[in-house]
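Printed here is my_file-v9.cif (mmCIF, C-alpha atoms and all ligand atoms):
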data_entry
loop_
_atom_site.group_PDB
_atom_site.id
_atom_site.type_symbol
_atom_site.label_atom_id
_atom_site.label_comp_id
_atom_site.auth_asym_id
_atom_site.auth_seq_id
_atom_site.Cartn_x
_atom_site.Cartn_y
_atom_site.Cartn_z
ATOM 1 C CA MET N 53 71.663 19.039 -3.806
ATOM 2 C CA VAL N 54 71.109 21.601 -6.544
ATOM 3 C CA GLU N 55 69.561 20.423 -9.769
ATOM 4 C CA GLU N 56 71.523 21.903 -12.670
ATOM 5 C CA ARG N 57 69.684 23.274 -15.673
ATOM 6 C CA GLU N 58 71.041 25.926 -17.975
ATOM 7 C CA CYS N 59 73.204 27.440 -15.250
ATOM 8 C CA LYS N 60 75.001 30.685 -16.064
ATOM 9 C CA SER N 61 73.182 31.922 -19.095
ATOM 10 C CA THR N 62 73.938 35.081 -21.025
ATOM 11 C CA ILE N 63 74.156 38.270 -19.033
ATOM 12 C CA ARG N 64 72.155 41.363 -20.017
ATOM 13 C CA SER N 65 73.276 44.144 -17.713
ATOM 14 C CA ASP N 66 74.703 44.827 -14.278
ATOM 15 C CA ILE N 67 71.181 44.727 -12.876
ATOM 16 C CA GLN N 68 71.369 40.974 -13.361
ATOM 17 C CA THR N 69 74.965 40.353 -12.440
ATOM 18 C CA ASP N 70 77.044 40.198 -9.276
ATOM 19 C CA TYR N 71 74.324 39.684 -6.741
ATOM 20 C CA SER N 72 76.805 38.964 -3.939
ATOM 21 C CA ALA N 73 76.481 42.417 -2.306
ATOM 22 C CA TYR N 74 72.720 42.237 -2.695
ATOM 23 C CA TYR N 75 72.569 38.832 -1.010
ATOM 24 C CA ALA N 76 74.802 39.993 1.859
ATOM 25 C CA ARG N 77 72.687 43.065 2.557
ATOM 26 C CA THR N 78 69.247 41.478 2.215
ATOM 27 C CA ARG N 79 70.010 38.125 3.822
ATOM 28 C CA ASP N 80 68.369 38.861 7.156
ATOM 29 C CA ARG N 81 65.551 41.069 5.925
ATOM 30 C CA PRO N 82 61.995 39.895 6.563
ATOM 31 C CA PRO N 83 59.937 38.203 3.836
ATOM 32 C CA ARG N 84 58.180 40.432 1.322
ATOM 33 C CA ALA N 85 54.718 41.813 2.132
ATOM 34 C CA THR N 86 53.412 40.357 -1.146
ATOM 35 C CA LEU N 87 54.369 36.851 -0.074
ATOM 36 C CA LEU N 88 52.865 37.306 3.403
ATOM 37 C CA ARG N 89 49.597 38.609 1.907
ATOM 38 C CA ALA N 90 49.348 35.622 -0.415
ATOM 39 C CA LEU N 91 50.180 33.092 2.315
ATOM 40 C CA ASP N 92 47.676 34.692 4.683
ATOM 41 C CA ALA N 93 44.984 34.595 1.985
ATOM 42 C CA PHE N 94 45.512 30.843 1.526
ATOM 43 C CA ALA N 95 45.524 30.337 5.290
ATOM 44 C CA ALA N 96 42.186 32.163 5.553
ATOM 45 C CA GLU N 97 40.804 29.730 2.968
ATOM 46 C CA GLY N 98 42.162 26.762 4.925
ATOM 47 C CA ARG N 99 44.429 25.762 2.001
ATOM 48 C CA SER N 100 47.561 24.116 3.359
ATOM 49 C CA PRO N 101 50.126 22.760 2.784
ATOM 50 C CA LEU N 102 50.790 24.555 -0.484
ATOM 51 C CA LEU N 103 52.964 23.760 -3.463
ATOM 52 C CA ILE N 104 54.982 26.905 -4.083
ATOM 53 C CA ALA N 105 57.386 27.903 -6.841
ATOM 54 C CA ASP N 106 59.784 30.670 -5.803
ATOM 55 C CA LEU N 107 61.228 32.344 -8.905
ATOM 56 C CA GLY N 108 64.566 34.129 -8.480
ATOM 57 C CA CYS N 109 64.678 32.869 -4.900
ATOM 58 C CA GLY N 110 68.106 34.325 -4.060
ATOM 59 C CA THR N 111 69.311 33.192 -0.648
ATOM 60 C CA GLY N 112 65.834 32.390 0.635
ATOM 61 C CA ARG N 113 64.494 35.626 2.043
ATOM 62 C CA ASP N 114 60.968 34.531 1.073
ATOM 63 C CA GLY N 115 61.647 30.808 0.773
ATOM 64 C CA LEU N 116 62.496 30.368 4.435
ATOM 65 C CA GLU N 117 59.109 31.761 5.426
ATOM 66 C CA MET N 118 57.342 29.359 3.044
ATOM 67 C CA LEU N 119 59.180 26.426 4.619
ATOM 68 C CA ARG N 120 58.652 27.740 8.155
ATOM 69 C CA ARG N 121 54.902 27.635 7.489
ATOM 70 C CA GLY N 122 55.116 23.988 6.407
ATOM 71 C CA HIS N 123 54.768 24.383 2.625
ATOM 72 C CA ARG N 124 56.604 22.534 -0.162
ATOM 73 C CA VAL N 125 58.872 24.743 -2.231
ATOM 74 C CA VAL N 126 60.535 24.556 -5.636
ATOM 75 C CA ALA N 127 63.074 27.379 -5.529
ATOM 76 C CA VAL N 128 64.702 28.539 -8.766
ATOM 77 C CA ASP N 129 67.638 30.797 -9.403
ATOM 78 C CA ARG N 130 70.417 30.834 -11.953
ATOM 79 C CA GLU N 131 73.025 31.750 -9.316
ATOM 80 C CA GLU N 132 74.270 28.514 -7.835
ATOM 81 C CA ALA N 133 75.990 30.391 -4.995
ATOM 82 C CA ALA N 134 72.602 31.782 -3.933
ATOM 83 C CA LEU N 135 71.008 28.351 -3.956
ATOM 84 C CA ASN N 136 73.802 26.892 -1.857
ATOM 85 C CA ALA N 137 73.548 29.789 0.606
ATOM 86 C CA PHE N 138 69.786 29.244 0.800
ATOM 87 C CA LEU N 139 70.257 25.549 1.488
ATOM 88 C CA GLY N 140 72.739 26.358 4.234
ATOM 89 C CA ARG N 141 70.074 28.361 6.054
ATOM 90 C CA VAL N 142 67.432 25.623 5.940
ATOM 91 C CA PRO N 143 67.099 23.436 9.053
ATOM 92 C CA GLN N 144 67.698 19.755 8.272
ATOM 93 C CA SER N 145 64.141 18.785 9.180
ATOM 94 C CA TRP N 146 62.705 21.161 6.539
ATOM 95 C CA ARG N 147 64.957 20.101 3.661
ATOM 96 C CA SER N 148 62.762 17.299 2.327
ATOM 97 C CA ARG N 149 60.181 19.973 1.448
ATOM 98 C CA LEU N 150 62.653 22.042 -0.595
ATOM 99 C CA HIS N 151 63.704 21.359 -4.170
ATOM 100 C CA LEU N 152 66.381 23.698 -5.524
ATOM 101 C CA VAL N 153 66.707 24.265 -9.254
ATOM 102 C CA CYS N 154 69.505 26.142 -10.978
ATOM 103 C CA ALA N 155 67.890 27.403 -14.182
ATOM 104 C CA ASP N 156 67.242 30.434 -16.341
ATOM 105 C CA LEU N 157 63.700 31.705 -15.864
ATOM 106 C CA ARG N 158 63.601 32.844 -19.472
ATOM 107 C CA SER N 159 63.098 29.260 -20.579
ATOM 108 C CA TRP N 160 61.998 27.567 -17.353
ATOM 109 C CA ILE N 161 58.569 25.962 -17.171
ATOM 110 C CA PRO N 162 57.066 26.227 -13.688
ATOM 111 C CA PRO N 163 55.647 23.025 -12.220
ATOM 112 C CA PRO N 164 51.976 22.890 -11.148
ATOM 113 C CA ALA N 165 51.724 25.194 -8.126
ATOM 114 C CA ASP N 166 49.253 26.821 -5.756
ATOM 115 C CA LEU N 167 51.440 29.895 -5.412
ATOM 116 C CA VAL N 168 54.121 31.325 -7.657
ATOM 117 C CA ASN N 169 56.273 33.915 -5.940
ATOM 118 C CA ALA N 170 58.526 36.237 -7.954
ATOM 119 C CA SER N 171 60.002 38.910 -5.712
ATOM 120 C CA PHE N 172 62.064 41.598 -7.437
ATOM 121 C CA VAL N 173 62.930 39.447 -10.422
ATOM 122 C CA LEU N 174 60.461 39.891 -13.309
ATOM 123 C CA PHE N 175 61.775 43.346 -14.124
ATOM 124 C CA THR N 176 65.310 42.028 -14.548
ATOM 125 C CA LEU N 177 64.069 40.204 -17.667
ATOM 126 C CA GLU N 178 63.185 41.769 -21.003
ATOM 127 C CA ARG N 179 59.511 42.819 -21.227
ATOM 128 C CA GLU N 180 58.645 40.037 -23.697
ATOM 129 C CA GLU N 181 60.494 37.409 -21.637
ATOM 130 C CA ALA N 182 58.654 38.470 -18.480
ATOM 131 C CA ALA N 183 55.285 38.408 -20.276
ATOM 132 C CA LEU N 184 55.953 34.912 -21.608
ATOM 133 C CA LEU N 185 57.080 33.736 -18.168
ATOM 134 C CA LEU N 186 53.881 35.119 -16.632
ATOM 135 C CA ALA N 187 51.834 33.240 -19.229
ATOM 136 C CA ARG N 188 53.612 30.018 -18.190
ATOM 137 C CA VAL N 189 53.003 30.889 -14.529
ATOM 138 C CA ARG N 190 49.289 31.329 -15.199
ATOM 139 C CA ARG N 191 49.132 27.905 -16.838
ATOM 140 C CA ALA N 192 51.011 26.307 -13.914
ATOM 141 C CA LEU N 193 48.706 27.740 -11.250
ATOM 142 C CA SER N 194 45.905 25.639 -9.826
ATOM 143 C CA PRO N 195 42.384 27.146 -9.880
ATOM 144 C CA GLY N 196 42.315 29.798 -7.174
ATOM 145 C CA GLY N 197 46.131 29.783 -7.179
ATOM 146 C CA ARG N 198 48.043 32.991 -6.651
ATOM 147 C CA PHE N 199 50.947 35.002 -8.008
ATOM 148 C CA ALA N 200 52.895 37.249 -5.637
ATOM 149 C CA GLY N 201 55.604 39.596 -6.816
ATOM 150 C CA HIS N 202 56.693 42.932 -8.210
ATOM 151 C CA LEU N 203 56.901 44.967 -11.390
ATOM 152 C CA LEU N 204 58.354 48.423 -11.961
ATOM 153 C CA GLY N 205 56.336 51.507 -12.912
ATOM 154 C CA PRO N 206 57.364 54.129 -15.496
ATOM 155 C CA GLY N 207 58.737 56.488 -12.820
ATOM 156 C CA ASP N 208 61.454 54.093 -11.700
ATOM 157 C CA SER N 209 65.062 55.248 -12.287
ATOM 158 C CA TRP N 210 65.975 51.994 -14.013
ATOM 159 C CA VAL N 211 63.008 52.342 -16.365
ATOM 160 C CA ARG N 212 63.781 55.978 -17.160
ATOM 161 C CA GLU N 213 67.404 55.014 -17.859
ATOM 162 C CA GLY N 214 66.225 52.248 -20.220
ATOM 163 C CA ARG N 215 67.734 49.503 -18.092
ATOM 164 C CA CYS N 216 64.435 47.797 -17.257
ATOM 165 C CA PHE N 217 60.935 47.760 -18.661
ATOM 166 C CA GLY N 218 58.150 49.551 -16.830
ATOM 167 C CA VAL N 219 54.435 48.875 -16.681
ATOM 168 C CA GLU N 220 51.745 51.582 -16.490
ATOM 169 C CA ARG N 221 48.894 51.091 -14.035
ATOM 170 C CA GLY N 222 46.482 50.738 -16.949
ATOM 171 C CA GLU N 223 48.526 47.849 -18.375
ATOM 172 C CA LEU N 224 48.443 45.721 -15.242
ATOM 173 C CA ALA N 225 45.066 44.110 -15.944
ATOM 174 C CA ALA N 226 46.389 42.809 -19.271
ATOM 175 C CA TRP N 227 49.567 41.509 -17.641
ATOM 176 C CA PHE N 228 47.384 39.531 -15.258
ATOM 177 C CA SER N 229 44.567 38.554 -17.595
ATOM 178 C CA GLY N 230 42.606 35.572 -16.322
ATOM 179 C CA MET N 231 43.531 36.665 -12.826
ATOM 180 C CA GLU N 232 42.018 38.965 -10.257
ATOM 181 C CA LEU N 233 44.340 41.645 -8.892
ATOM 182 C CA GLU N 234 43.681 40.849 -5.261
ATOM 183 C CA TRP N 235 46.183 43.285 -3.807
ATOM 184 C CA LEU N 236 47.909 46.083 -5.680
ATOM 185 C CA GLU N 237 50.047 48.671 -3.954
ATOM 186 C CA GLU N 238 52.015 51.402 -5.672
ATOM 187 C CA GLU N 239 55.208 52.558 -3.983
ATOM 188 C CA ARG N 240 57.274 55.553 -5.010
ATOM 189 C CA CYS N 241 60.311 56.416 -2.946
ATOM 190 C CA ARG N 242 63.921 57.476 -3.179
ATOM 191 C CA ALA N 243 66.142 54.943 -1.520
ATOM 192 C CA VAL N 244 69.535 53.343 -1.451
ATOM 193 C CA THR N 245 69.603 49.987 -3.219
ATOM 194 C CA PRO N 246 71.013 46.970 -1.366
ATOM 195 C CA ARG N 247 74.174 47.647 -3.398
ATOM 196 C CA GLY N 248 74.486 51.173 -1.988
ATOM 197 C CA ARG N 249 73.241 53.236 -4.968
ATOM 198 C CA PHE N 250 70.605 55.994 -4.819
ATOM 199 C CA LYS N 251 67.607 55.511 -7.053
ATOM 200 C CA TRP N 252 63.923 56.281 -7.378
ATOM 201 C CA TRP N 253 61.786 53.234 -6.941
ATOM 202 C CA HIS N 254 58.403 53.057 -8.609
ATOM 203 C CA LEU N 255 57.107 49.654 -7.648
ATOM 204 C CA TRP N 256 53.936 47.675 -8.089
ATOM 205 C CA HIS N 257 53.433 45.210 -5.225
ATOM 206 C CA ILE N 258 51.103 42.568 -6.611
ATOM 207 C CA VAL N 259 49.072 39.603 -5.429
ATOM 208 C CA ALA N 260 46.897 38.148 -8.182
ATOM 209 C CA ARG N 261 44.543 35.196 -7.945
ATOM 210 C CA LYS N 262 43.768 32.893 -10.854
ATOM 211 C CA VAL N 263 40.032 32.869 -11.372
ATOM 212 C CA HIS N 264 38.150 29.583 -11.649
ATOM 213 C CA GLU N 265 36.551 28.733 -14.975
ATOM 214 C CA GLY N 266 33.166 30.424 -15.051
ATOM 215 C CA GLU N 267 34.228 32.891 -12.355
ATOM 216 C CA SER N 268 34.579 36.456 -13.615
ATOM 217 C CA GLY N 269 37.929 38.198 -13.124
ATOM 218 C CA ARG N 270 37.635 41.815 -12.078
HETATM 219 C C1 LIG L 301 66.940 41.149 -6.951
HETATM 220 S S1 LIG L 301 67.251 39.457 -6.588
HETATM 221 C C2 LIG L 301 65.790 39.031 -5.642
HETATM 222 C C3 LIG L 301 66.036 37.844 -4.755
HETATM 223 C C4 LIG L 301 64.852 37.475 -3.848
HETATM 224 N N1 LIG L 301 63.704 37.051 -4.633
HETATM 225 C C5 LIG L 301 64.475 38.631 -2.967
HETATM 226 O O1 LIG L 301 63.367 39.120 -3.058
HETATM 227 O O2 LIG L 301 65.312 39.069 -2.165
HETATM 228 C C6 LIG L 301 66.923 38.682 -8.146
HETATM 229 C C7 LIG L 301 67.258 37.204 -8.137
HETATM 230 O O3 LIG L 301 66.790 36.641 -9.346
HETATM 231 C C8 LIG L 301 67.801 35.869 -9.942
HETATM 232 N N2 LIG L 301 67.636 35.962 -11.402
HETATM 233 C C9 LIG L 301 67.694 37.074 -12.170
HETATM 234 N N3 LIG L 301 67.479 36.780 -13.462
HETATM 235 C C10 LIG L 301 67.291 35.438 -13.511
HETATM 236 C C11 LIG L 301 67.032 34.519 -14.564
HETATM 237 N N4 LIG L 301 66.919 34.917 -15.834
HETATM 238 N N5 LIG L 301 66.885 33.213 -14.260
HETATM 239 C C12 LIG L 301 66.983 32.786 -12.971
HETATM 240 N N6 LIG L 301 67.243 33.604 -11.928
HETATM 241 C C13 LIG L 301 67.391 34.909 -12.193
HETATM 242 C C14 LIG L 301 69.111 36.460 -9.477
HETATM 243 O O4 LIG L 301 70.168 35.521 -9.521
HETATM 244 C C15 LIG L 301 68.755 36.913 -8.072
HETATM 245 O O5 LIG L 301 68.992 35.905 -7.113
#
Now, as a test, write the supplied structure out as structure tokens.
Amino acid sequence: MVEERECKSTIRSDIQTDYSAYYARTRDRPPRATLLRALDAFAAEGRSPLLIADLGCGTGRDGLEMLRRGHRVVAVDREEAALNAFLGRVPQSWRSRLHLVCADLRSWIPPPADLVNASFVLFTLEREEAALLLARVRRALSPGGRFAGHLLGPGDSWVREGRCFGVERGELAAWFSGMELEWLEEERCRAVTPRGRFKWWHLWHIVARKVHEGESGR
């Protein structure tokens, strides 16, 4: 059921590896607020059903909600175990709307989509890789299409330790050029990660909308 493409690529750090504890702890958590905002915005516009690409889908925390709302989903992750676990949670009658792809996002080209969702995954890439992926996402989005996802700010423990790249508030407009930052929320908190470690989170929660040609992005 899982399409194989470049499975198991090179590993950069423990942020990217051994997601089993993460999957176990987050499995039953609700979908991300970014995804819900984006889906609600499309619903308010009467756009449905949507074509959605879910990048770094894990075991379907967000993907299940997309399917529950009747959308078609291409879900990508390089962990085959996650994709199989996701599939196992999908009711039979929804499966025809789900296409699972085992691939490395660093070289993956998103298909045409109304919404590209990337929850807690862009910052696991190198800065340049994430920027290039976002450029491909922008090209894949339909006019008025949306991106939903997260980046880290400079105050995040992983950024300060040099394990991930961080993005300053002032840089966000450039990261989402050609798009309107429709919803941007900054979160700073000390918390235990799903793997049981203390850290400071400095998160950008982002929903960005691709502007139509001739429409000005703010
Ligand atoms: C922190 S988890 C987030 C999972 C899910 N999106 C969520 O919000 O719960 C990151 C996911 O991205 C996947 N991932 C990380 N780097 C990747 C890459 N280069 N290519 C494909 N998947 C990747 C991991 O396997 C993992 O499932």
For Ser171 of chain N: contacts at 10 Å, all atoms listed in the file, fewer than 2 positions along chain excluded, given as a PyMOL selection string: chain N and resi 83-87+106-110+113-114+168-169+173-175+200-203+257-258
How would the residues just chosen look if you wrote them out with C-alpha atoms as a short mmCIF file (atom, residue, chain, number, x, y, z; two decimals), keeping the file's coordinate frame?
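Below is the file that was written, part_36.cif:
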data_model
loop_
_atom_site.label_atom_id
_atom_site.label_comp_id
_atom_site.auth_asym_id
_atom_site.auth_seq_id
_atom_site.Cartn_x
_atom_site.Cartn_y
_atom_site.Cartn_z
CA PRO N 83 59.94 38.20 3.84
CA ARG N 84 58.18 40.43 1.32
CA ALA N 85 54.72 41.81 2.13
CA THR N 86 53.41 40.36 -1.15
CA LEU N 87 54.37 36.85 -0.07
CA ASP N 106 59.78 30.67 -5.80
CA LEU N 107 61.23 32.34 -8.90
CA GLY N 108 64.57 34.13 -8.48
CA CYS N 109 64.68 32.87 -4.90
CA GLY N 110 68.11 34.33 -4.06
CA ARG N 113 64.49 35.63 2.04
CA ASP N 114 60.97 34.53 1.07
CA VAL N 168 54.12 31.32 -7.66
CA ASN N 169 56.27 33.92 -5.94
CA VAL N 173 62.93 39.45 -10.42
CA LEU N 174 60.46 39.89 -13.31
CA PHE N 175 61.78 43.35 -14.12
CA ALA N 200 52.90 37.25 -5.64
CA GLY N 201 55.60 39.60 -6.82
CA HIS N 202 56.69 42.93 -8.21
CA LEU N 203 56.90 44.97 -11.39
CA HIS N 257 53.43 45.21 -5.22
CA ILE N 258 51.10 42.57 -6.61
#
Matched chain/residue IDs from the PyMOL selection byres (((chain N and resi 216) around 8) and not hetatm), as a ChimeraX atom specification: /N:175-178,210-211,213-215,217-218
Write the residues of the preceding selection, restricted to C-alpha atoms, as a PDB file, in the frame of the given file.
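Now in result.pdb:
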ATOM      1  CA  PHE N 175      61.775  43.346 -14.124  1.00  0.00           C
ATOM      2  CA  THR N 176      65.310  42.028 -14.548  1.00  0.00           C
ATOM      3  CA  LEU N 177      64.069  40.204 -17.667  1.00  0.00           C
ATOM      4  CA  GLU N 178      63.185  41.769 -21.003  1.00  0.00           C
ATOM      5  CA  TRP N 210      65.975  51.994 -14.013  1.00  0.00           C
ATOM      6  CA  VAL N 211      63.008  52.342 -16.365  1.00  0.00           C
ATOM      7  CA  GLU N 213      67.404  55.014 -17.859  1.00  0.00           C
ATOM      8  CA  GLY N 214      66.225  52.248 -20.220  1.00  0.00           C
ATOM      9  CA  ARG N 215      67.734  49.503 -18.092  1.00  0.00           C
ATOM     10  CA  PHE N 217      60.935  47.760 -18.661  1.00  0.00           C
ATOM     11  CA  GLY N 218      58.150  49.551 -16.830  1.00  0.00           C
TER      12      GLY N 218
END
Around all the atoms of segment 100-103 of chain N listed in the file, draw an axis-aligned box and extend it by 5 Å on each of the six sides; I want its centre and edge lengths in Å to one decimal, as JSON.
{"center_x": 50.3, "center_y": 23.7, "center_z": -0.1, "size_x": 15.4, "size_y": 11.8, "size_z": 16.8}
Selection dump of the PyMOL selection byres (((chain N and resi 186) around 10) and not hetatm), as a PyMOL selection string: chain N and resi 162+168+170+174+180-185+187-192+199+227-229
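Here the question is which of N:Leu135, N:Ala165, N:Ala260, N:Leu150 gets nearest to ligand LIG 301 (chain L) using only C-alpha atoms and all ligand atoms, and that residue is N:Leu135.
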Determine the residue membership of the PyMOL selection byres (((chain N and resi 122) around 12) and not hetatm) for the file above and supply it as a PDB file with C-alpha atoms, in the coordinates of the input.
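Output contents, as saved in out-v8.pdb:
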ATOM      1  CA  LEU N  91      50.180  33.092   2.315  1.00  0.00           C
ATOM      2  CA  ALA N  95      45.524  30.337   5.290  1.00  0.00           C
ATOM      3  CA  ARG N  99      44.429  25.762   2.001  1.00  0.00           C
ATOM      4  CA  SER N 100      47.561  24.116   3.359  1.00  0.00           C
ATOM      5  CA  PRO N 101      50.126  22.760   2.784  1.00  0.00           C
ATOM      6  CA  LEU N 102      50.790  24.555  -0.484  1.00  0.00           C
ATOM      7  CA  LEU N 103      52.964  23.760  -3.463  1.00  0.00           C
ATOM      8  CA  ILE N 104      54.982  26.905  -4.083  1.00  0.00           C
ATOM      9  CA  GLY N 115      61.647  30.808   0.773  1.00  0.00           C
ATOM     10  CA  LEU N 116      62.496  30.368   4.435  1.00  0.00           C
ATOM     11  CA  GLU N 117      59.109  31.761   5.426  1.00  0.00           C
ATOM     12  CA  MET N 118      57.342  29.359   3.044  1.00  0.00           C
ATOM     13  CA  LEU N 119      59.180  26.426   4.619  1.00  0.00           C
ATOM     14  CA  ARG N 120      58.652  27.740   8.155  1.00  0.00           C
ATOM     15  CA  ARG N 121      54.902  27.635   7.489  1.00  0.00           C
ATOM     16  CA  HIS N 123      54.768  24.383   2.625  1.00  0.00           C
ATOM     17  CA  ARG N 124      56.604  22.534  -0.162  1.00  0.00           C
ATOM     18  CA  VAL N 125      58.872  24.743  -2.231  1.00  0.00           C
ATOM     19  CA  SER N 145      64.141  18.785   9.180  1.00  0.00           C
ATOM     20  CA  TRP N 146      62.705  21.161   6.539  1.00  0.00           C
ATOM     21  CA  ARG N 147      64.957  20.101   3.661  1.00  0.00           C
ATOM     22  CA  SER N 148      62.762  17.299   2.327  1.00  0.00           C
ATOM     23  CA  ARG N 149      60.181  19.973   1.448  1.00  0.00           C
ATOM     24  CA  LEU N 150      62.653  22.042  -0.595  1.00  0.00           C
TER      25      LEU N 150
END
Segment 239-244 of chain N surroundings by only C-alpha atoms, 9 Å radius, close-in-sequence under 4 positions cut, as JSON, numbers by chain: {"N": [205, 207, 208, 248, 249, 250, 251, 252, 253, 254, 255, 256, 257]}
N:Phe172, N:Glu223, N:Arg261, N:Pro246 ranked by distance to Arg77 of chain N, top pick (using only C-alpha atoms): N:Pro246
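Of the listed residues N:Gln144, N:Thr245, N:Ser194, N:Ser209, the one whose atoms come nearest to ligand LIG 301 (chain L) is N:Thr245, with distances taken using all atoms listed in the file.
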Counting all atoms listed in the file, the option among N:Glu234, N:Ala133, N:Leu204, N:Val128 closest to Arg221 of chain N: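 Closest to Arg221 of chain N, using all atoms listed in the file: N:Leu204.
From atom CA of Ala105 of chain N back to atom CA of Asp70 of chain N, the distance works out to 23.3 Å.
Proximity ranking of N:Leu139, N:Ala134, N:Ile161, N:Leu233 relative to ligand LIG 301 (chain L) places N:Ala134 first, based on only C-alpha atoms and all ligand atoms.
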Computed interatomic separation between atom O3 of ligand LIG 301 (chain L) and atom CA of Ala137 of chain N (Å):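 Separation between atom O3 of ligand LIG 301 (chain L) and atom CA of Ala137 of chain N: 13.8 Å.
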Interatomic distance, atom CA of Glu238 of chain N to atom CA of Arg212 of chain N (Å, one decimal):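 That distance, rounded to one decimal, is 17.1 Å.
Among the candidates N:Pro164, N:Gly112, N:Gly197, N:Gly98, the one nearest to ligand LIG 301 (chain L) when counting only C-alpha atoms and all ligand atoms is N:Gly112.
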